[in-house]
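Participant: Below is the structure I would like to discuss, written out as structure tokens.
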Amino acid sequence: MAKLNLVYFPVRGRGEAIRLLLKDNDQAYEETDPMPWDNFLAKWKPKVAFGQLPAIYDTKENGETFSLVQSNAILRYLARKCDLYGSSTDEAARIDELNDGIEDLRNAYVKLIYQNYEAGKAEYIEKLPGHLKAFENLLAASKADETGAAVGGKISFVDYNLFDLMDIHLLLAPGCLDAFPVLKGYYNKMLTRPKIAAYRETENFKKFPVNGNGKQ
């Protein structure tokens, strides 16, 4: 019997966009918590490529299991399985472009959260509009605030990644989307997608911190 298992820490982190994609597309999965830390170091870190999580284990109907790490590789893999990679090669390229921009901002966010939160938060928030403007421009070109999809009027994997990125930045800097009407309208459309809204009411979503160190 086919089965999908997501292995990740009990935080939102880099696993959240994967969870959102799976939930919103009715993909049944189990989730394995690698904690406590000693268990992760002994069992999981030596086992997975690059020693990092999240990881997925996709057991096929024939019993063979395909394993994969790296959050963006996992999102793209699931996108190909669920038809969430645009409707043309041009749209797929635009999705990749947007996702790479998301990765740039997420890396800056992670560096702030884990390395420079107290000293760097004010400067980070001050510079945030410059980063959000690029997303506003790209989404305006695709009328994403009307369609609810970042590229081509059709939901793709990048929507879950972008939505999660905006969600965590709204915790860091409430009101950060107010100057970006297209981005804010798009975020609100994603927020009210029925399966995403239902997931956000679950105990798991509510109990998971955004980051492993408790900062947000």
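Naming scheme: A, B, ... for chains in displayed order of the structure tokens; residues 1 onward per chain; ligands 1 onward as shown.
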Might you pull out every residue within 7 Å of Ala140 of chain A, with only C-alpha atoms counted and same-chain residues fewer than 4 positions away left off, and present them as a list of chain:residue names?
Facilitator: A:Glu136, A:Ala144, A:Val182
Participant: Selection from above, N, CA, C and O atoms, as a PDB file, in the first residue's frame, can you write it?
Facilitator:
ATOM      1  N   GLU A 136       5.443  41.909  -4.691  1.00  0.00           N
ATOM      2  CA  GLU A 136       4.274  42.691  -5.094  1.00  0.00           C
ATOM      3  C   GLU A 136       4.248  42.868  -6.615  1.00  0.00           C
ATOM      4  O   GLU A 136       3.204  42.685  -7.258  1.00  0.00           O
ATOM      5  N   ALA A 144      -2.510  38.023  -9.054  1.00  0.00           N
ATOM      6  CA  ALA A 144      -2.619  36.978  -8.035  1.00  0.00           C
ATOM      7  C   ALA A 144      -3.636  37.311  -6.949  1.00  0.00           C
ATOM      8  O   ALA A 144      -4.199  36.407  -6.331  1.00  0.00           O
ATOM      9  N   VAL A 182      -1.627  44.025  -3.469  1.00  0.00           N
ATOM     10  CA  VAL A 182      -1.739  42.773  -4.224  1.00  0.00           C
ATOM     11  C   VAL A 182      -1.256  41.611  -3.371  1.00  0.00           C
ATOM     12  O   VAL A 182      -1.911  40.561  -3.285  1.00  0.00           O
TER      13      VAL A 182
END
Participant: Show me a table, sorted first by chain and then by increasing residue number, of the residues of segment 76-134 of chain A having an atom at most 12 Å from segment 193-216 of chain A, each with its shortest atom pair and the distance in Å to one decimal, counting only C-alpha atoms and written as JSON lines.
Facilitator:
{"residue": "A:Tyr109", "atom": "CA", "partner": "A:Gln216", "partner_atom": "CA", "distance": 9.6}
{"residue": "A:Val110", "atom": "CA", "partner": "A:Asn211", "partner_atom": "CA", "distance": 8.8}
{"residue": "A:Lys111", "atom": "CA", "partner": "A:Asn211", "partner_atom": "CA", "distance": 11.7}
{"residue": "A:Leu112", "atom": "CA", "partner": "A:Lys215", "partner_atom": "CA", "distance": 9.7}
{"residue": "A:Ile113", "atom": "CA", "partner": "A:Lys215", "partner_atom": "CA", "distance": 6.3}
{"residue": "A:Tyr114", "atom": "CA", "partner": "A:Asn213", "partner_atom": "CA", "distance": 7.3}
{"residue": "A:Gln115", "atom": "CA", "partner": "A:Asn213", "partner_atom": "CA", "distance": 10.6}
{"residue": "A:Asn116", "atom": "CA", "partner": "A:Lys215", "partner_atom": "CA", "distance": 10.8}
{"residue": "A:Tyr117", "atom": "CA", "partner": "A:Lys215", "partner_atom": "CA", "distance": 7.8}
{"residue": "A:Glu118", "atom": "CA", "partner": "A:Lys215", "partner_atom": "CA", "distance": 9.8}
{"residue": "A:Lys121", "atom": "CA", "partner": "A:Gln216", "partner_atom": "CA", "distance": 10.1}
Participant: Keeping only all heavy atoms, take the residues you just selected and write them out as a short mmCIF file (atom, residue, chain, number, x, y, z; two decimals), in the first residue's frame.
Facilitator:
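To be explicit, this is the file written out as result.cif:
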data_model
loop_
_atom_site.label_atom_id
_atom_site.label_comp_id
_atom_site.auth_asym_id
_atom_site.auth_seq_id
_atom_site.Cartn_x
_atom_site.Cartn_y
_atom_site.Cartn_z
N TYR A 109 15.79 35.64 6.75
CA TYR A 109 14.95 35.51 7.95
C TYR A 109 15.56 34.52 8.94
O TYR A 109 15.65 34.79 10.14
CB TYR A 109 13.55 35.07 7.52
CG TYR A 109 12.64 34.67 8.65
CD1 TYR A 109 11.90 35.61 9.36
CD2 TYR A 109 12.50 33.33 9.01
CE1 TYR A 109 11.05 35.23 10.39
CE2 TYR A 109 11.66 32.93 10.04
CZ TYR A 109 10.95 33.89 10.73
OH TYR A 109 10.11 33.51 11.76
N VAL A 110 15.97 33.37 8.43
CA VAL A 110 16.56 32.34 9.30
C VAL A 110 17.83 32.85 9.97
O VAL A 110 18.07 32.61 11.17
CB VAL A 110 16.83 31.05 8.50
CG1 VAL A 110 17.68 30.07 9.30
CG2 VAL A 110 15.52 30.40 8.08
N LYS A 111 18.64 33.57 9.22
CA LYS A 111 19.86 34.15 9.80
C LYS A 111 19.52 35.11 10.92
O LYS A 111 20.17 35.11 11.99
CB LYS A 111 20.67 34.85 8.71
CG LYS A 111 21.99 35.42 9.20
CD LYS A 111 22.79 36.03 8.05
CE LYS A 111 24.12 36.59 8.55
NZ LYS A 111 24.91 37.17 7.44
N LEU A 112 18.49 35.94 10.71
CA LEU A 112 18.05 36.85 11.76
C LEU A 112 17.59 36.09 12.98
O LEU A 112 18.02 36.37 14.11
CB LEU A 112 16.91 37.73 11.24
CG LEU A 112 16.17 38.55 12.32
CD1 LEU A 112 17.03 39.70 12.80
CD2 LEU A 112 14.82 39.04 11.80
N ILE A 113 16.71 35.13 12.79
CA ILE A 113 16.09 34.41 13.90
C ILE A 113 17.12 33.68 14.74
O ILE A 113 17.07 33.70 15.98
CB ILE A 113 15.03 33.42 13.37
CG1 ILE A 113 13.82 34.17 12.78
CG2 ILE A 113 14.58 32.45 14.47
CD1 ILE A 113 13.03 34.98 13.77
N TYR A 114 18.08 33.03 14.11
CA TYR A 114 19.00 32.15 14.83
C TYR A 114 20.35 32.79 15.15
O TYR A 114 21.09 32.25 15.98
CB TYR A 114 19.21 30.85 14.04
CG TYR A 114 18.00 29.94 14.09
CD1 TYR A 114 17.11 29.90 13.03
CD2 TYR A 114 17.74 29.15 15.20
CE1 TYR A 114 15.99 29.08 13.07
CE2 TYR A 114 16.63 28.33 15.25
CZ TYR A 114 15.76 28.30 14.18
OH TYR A 114 14.65 27.49 14.23
N GLN A 115 20.66 33.92 14.52
CA GLN A 115 21.99 34.48 14.74
C GLN A 115 22.00 35.92 15.24
O GLN A 115 22.98 36.35 15.85
CB GLN A 115 22.81 34.41 13.44
CG GLN A 115 23.04 33.00 12.93
CD GLN A 115 23.84 32.97 11.64
OE1 GLN A 115 24.57 33.90 11.31
NE2 GLN A 115 23.69 31.89 10.88
N ASN A 116 20.93 36.68 14.97
CA ASN A 116 21.05 38.12 15.23
C ASN A 116 19.71 38.74 15.60
O ASN A 116 19.45 39.90 15.26
CB ASN A 116 21.62 38.81 13.98
CG ASN A 116 22.13 40.20 14.26
OD1 ASN A 116 22.63 40.48 15.35
ND2 ASN A 116 22.01 41.09 13.28
N TYR A 117 18.87 38.02 16.30
CA TYR A 117 17.50 38.47 16.50
C TYR A 117 17.42 39.80 17.26
O TYR A 117 16.81 40.76 16.80
CB TYR A 117 16.70 37.40 17.24
CG TYR A 117 15.23 37.73 17.38
CD1 TYR A 117 14.35 37.52 16.33
CD2 TYR A 117 14.73 38.24 18.58
CE1 TYR A 117 13.01 37.81 16.45
CE2 TYR A 117 13.39 38.54 18.70
CZ TYR A 117 12.53 38.33 17.64
OH TYR A 117 11.20 38.64 17.76
N GLU A 118 18.02 39.84 18.44
CA GLU A 118 17.91 41.05 19.27
C GLU A 118 18.56 42.26 18.61
O GLU A 118 17.99 43.35 18.55
CB GLU A 118 18.52 40.81 20.65
CG GLU A 118 17.66 39.99 21.59
CD GLU A 118 17.68 38.49 21.26
OE1 GLU A 118 18.59 38.05 20.50
OE2 GLU A 118 16.79 37.77 21.75
N LYS A 121 16.84 42.80 14.53
CA LYS A 121 15.43 42.79 14.17
C LYS A 121 14.97 44.13 13.59
O LYS A 121 14.29 44.18 12.56
CB LYS A 121 14.58 42.42 15.39
CG LYS A 121 13.09 42.37 15.10
CD LYS A 121 12.30 41.97 16.34
CE LYS A 121 10.80 41.98 16.06
NZ LYS A 121 10.01 41.61 17.27
#
Participant: So what do you get for atom CA of His131 of chain A versus atom CA of Leu183 of chain A, distance-wise?
Facilitator: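 That distance, rounded to one decimal, is 12.0 Å.
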Participant: Between A:Asp159, A:Asp26, A:Asp33, A:Asp145, single out the one closest to Ile102 of chain A, counting only C-alpha atoms.
Facilitator: A:Asp159
Participant: For a test of reading the model, state the distance in Å between atom CA of Ile74 of chain A and atom CA of Asn137 of chain A, rounded to one decimal.
Facilitator: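 Atom CA of Ile74 of chain A sits 26.9 Å away from atom CA of Asn137 of chain A.
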Participant: Measuring between only C-alpha atoms, which one of A:Leu4, A:Tyr29, A:Arg80, A:Gly15 shows the shortest distance to Thr59 of chain A?
Facilitator: A:Leu4
Participant: As an exercise, work out the distance from atom CA of Arg12 of chain A to atom CA of Gln52 of chain A in Å and give it to one decimal place.
Facilitator: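 Atom CA of Arg12 of chain A sits 15.2 Å away from atom CA of Gln52 of chain A.
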Participant: Quick check for you: according to DSSP on this backbone, which residues of segment 57-88 of chain A are classed as alpha helix (DSSP H)? Reply as a compact mmCIF listing (two decimals) with N, CA, C and O atoms, in the first residue's frame.
Facilitator:
# COMPACT_ATOMS: atom_id res chain seq x y z
N SER A 71 14.03 20.89 1.50
CA SER A 71 12.62 21.29 1.48
C SER A 71 12.14 21.69 0.09
O SER A 71 11.03 21.34 -0.31
N ASN A 72 12.95 22.41 -0.66
CA ASN A 72 12.51 22.83 -1.99
C ASN A 72 12.48 21.68 -2.98
O ASN A 72 11.62 21.64 -3.86
N ALA A 73 13.39 20.74 -2.85
CA ALA A 73 13.34 19.54 -3.69
C ALA A 73 12.08 18.73 -3.38
O ALA A 73 11.44 18.19 -4.29
N ILE A 74 11.72 18.66 -2.10
CA ILE A 74 10.50 17.95 -1.71
C ILE A 74 9.27 18.64 -2.28
O ILE A 74 8.37 17.98 -2.82
N LEU A 75 9.22 19.96 -2.19
CA LEU A 75 8.08 20.70 -2.76
C LEU A 75 7.96 20.45 -4.26
O LEU A 75 6.86 20.23 -4.78
N ARG A 76 9.07 20.46 -4.97
CA ARG A 76 9.02 20.23 -6.42
C ARG A 76 8.61 18.79 -6.73
O ARG A 76 7.87 18.54 -7.69
N TYR A 77 9.09 17.85 -5.96
CA TYR A 77 8.70 16.44 -6.16
C TYR A 77 7.20 16.27 -5.98
O TYR A 77 6.52 15.66 -6.82
N LEU A 78 6.68 16.83 -4.90
CA LEU A 78 5.24 16.73 -4.65
C LEU A 78 4.44 17.49 -5.70
O LEU A 78 3.35 17.07 -6.09
N ALA A 79 5.00 18.60 -6.18
CA ALA A 79 4.32 19.37 -7.23
C ALA A 79 4.16 18.54 -8.50
O ALA A 79 3.11 18.59 -9.15
N ARG A 80 5.17 17.79 -8.86
CA ARG A 80 5.07 16.95 -10.06
C ARG A 80 4.06 15.83 -9.87
O ARG A 80 3.36 15.46 -10.81
N LYS A 81 3.95 15.32 -8.67
CA LYS A 81 2.99 14.26 -8.38
C LYS A 81 1.55 14.79 -8.38
O LYS A 81 0.62 14.06 -8.73
N CYS A 82 1.39 16.05 -7.98
CA CYS A 82 0.04 16.60 -7.76
C CYS A 82 -0.36 17.63 -8.81
O CYS A 82 -1.36 18.34 -8.62
Participant: Find the residue from A:Leu139, A:Ile125, A:Leu22, A:Val158 that sits nearest to Pro174 of chain A; use only C-alpha atoms when measuring.
Facilitator: A:Ile125
Participant: Of the candidates A:Glu30, A:Pro36, A:Leu172, A:Arg14, which one gets nearest to Glu126 of chain A if we count only C-alpha atoms?
Facilitator: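 Smallest separation from Glu126 of chain A among the options: A:Leu172.
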Participant: For a quick check of understanding, using only C-alpha atoms, which of A:Leu84, A:Leu53, A:Ala150, A:Ala17 has the smallest distance to Val69 of chain A?
Facilitator: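 Smallest separation from Val69 of chain A among the options: A:Leu53.
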